[in-house]
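Some notes on the structure that comes next.
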Amino acid sequence: MYILGIMGFPGTLCHDGSAAILKDGIVIAAAEQERFSRRKHAPGEAPYDAIKFCLEKAKLSLDDIDYIANGWAEEKHMKMIPRGVESDYAKIIFPKTLFSYNEIPPIYFVKHHIAHIMSAYFQSGFKDAACLVIDAQGESESITLAKMTKDKLKILKTYD
């Protein structure tokens, strides 16, 4: 199974746009948009170049991807993008002028701190782990304390 993880949307306050491809849970390609645009944190940039790099590195097209994960919960993410483009989200992130595909894979919006936890946990090799995210902003929280046991997540405490 191939999963494409993305972060970033054009013309918004989003920063650190990036992309990664996982094959059966293992990262096989990853890149930040700033490496291509040469703008620190790539503010307001969609991760077009990062996505293209990952697909090329993995020798895949969008048609090979099973799922797309975005690292913000949908309701928060949609508040950050201009009104009227919500229904065109997939077409804006994957324009036909840059990407060839028959159909855009299903897009799942993952809570920001959960995305942080999962990206670290699944690469750690640990079966059980204490997880701490300290971030300027998730959807509403800045700190999340959680526990992973046998691939099950339990949120213990969050702080706004």
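Going through the structure tokens in order, the chains are called A, B, and so on, while each chain numbers its residues from 1 and the ligands are numbered from 1 in the order shown.
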Task: Long-range neighbours of Leu60 in chain A as a VMD selection string, 12 Å cut-off, only C-alpha atoms, 5 positions minimum in chain - done: chain A and resid 2 to 4 21 to 23 28 to 29 51 to 55 65 to 66 99 to 101
Between range 74-153 of chain A and range 33-46 of chain A, at 10 Å or less, what are the per-residue closest atom pairs and their distances in Å? Count only C-alpha atoms, order by chain and rising residue number, and return it as CSV.
residue,atom,partner,partner_atom,distance
A:Ile92,CA,A:Ala46,CA,8.9
A:Ile93,CA,A:Ala46,CA,6.8
A:Phe94,CA,A:Ala46,CA,9.7
Go ahead and write the residues just picked, N, CA, C and O atoms, as a compact mmCIF listing (two decimals), in the first residue's frame.
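Result written to result35.txt:
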# COMPACT_ATOMS: atom_id res chain seq x y z
N ILE A 92 -6.65 21.74 -6.83
CA ILE A 92 -5.66 22.79 -6.61
C ILE A 92 -4.33 22.19 -6.17
O ILE A 92 -3.27 22.61 -6.62
N ILE A 93 -4.38 21.17 -5.33
CA ILE A 93 -3.15 20.52 -4.87
C ILE A 93 -2.54 19.65 -5.97
O ILE A 93 -1.32 19.50 -6.06
N PHE A 94 -3.37 19.06 -6.80
CA PHE A 94 -2.90 18.17 -7.87
C PHE A 94 -3.39 18.64 -9.24
O PHE A 94 -4.17 17.96 -9.90
- [ ] From the DSSP assignment of the backbone, select every residue of range 19-103 of chain A that is alpha helix (DSSP H), and format the answer as a PyMOL selection string.
- [x] chain A and resi 34-37+48-57+74-80+89-93
Open item on the list: List as a ChimeraX atom specification the protein and nucleic acid residues near Asn102 in chain A, meaning an atom at most 10 Å away when only C-alpha atoms are counted, but skip any in the same chain fewer than 5 places from it.
Closed with: /A:61-63,96
TODO: Check range 19-155 of chain A with DSSP on the backbone and list each residue it calls strand (DSSP E or B), as an MDAnalysis selection string.
DONE: chainID A and resid 19:23 26:32 67:70 107:109 128:134 143:149 152:155
Task: Shell of 12 Å around Ala115 in chain A, only C-alpha atoms, local chain residues under 3 positions omitted, as a list in words - done: Gly5, Ile6, Met7, Ala69, Asn70, Gly71, Trp72, Ala73, Tyr108, Phe109, Val110, Lys111, His112, Met118, Ser119, Ala120, Tyr121, Phe122, Cys131, Val133, Asp135, Gly138, Glu139, Thr144 and Leu153 of chain A
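The closest residue to Ala146 in chain A, picked from A:Ala58, A:Asp160, A:Ala20, A:Asp128 and counting only C-alpha atoms, is A:Asp128.
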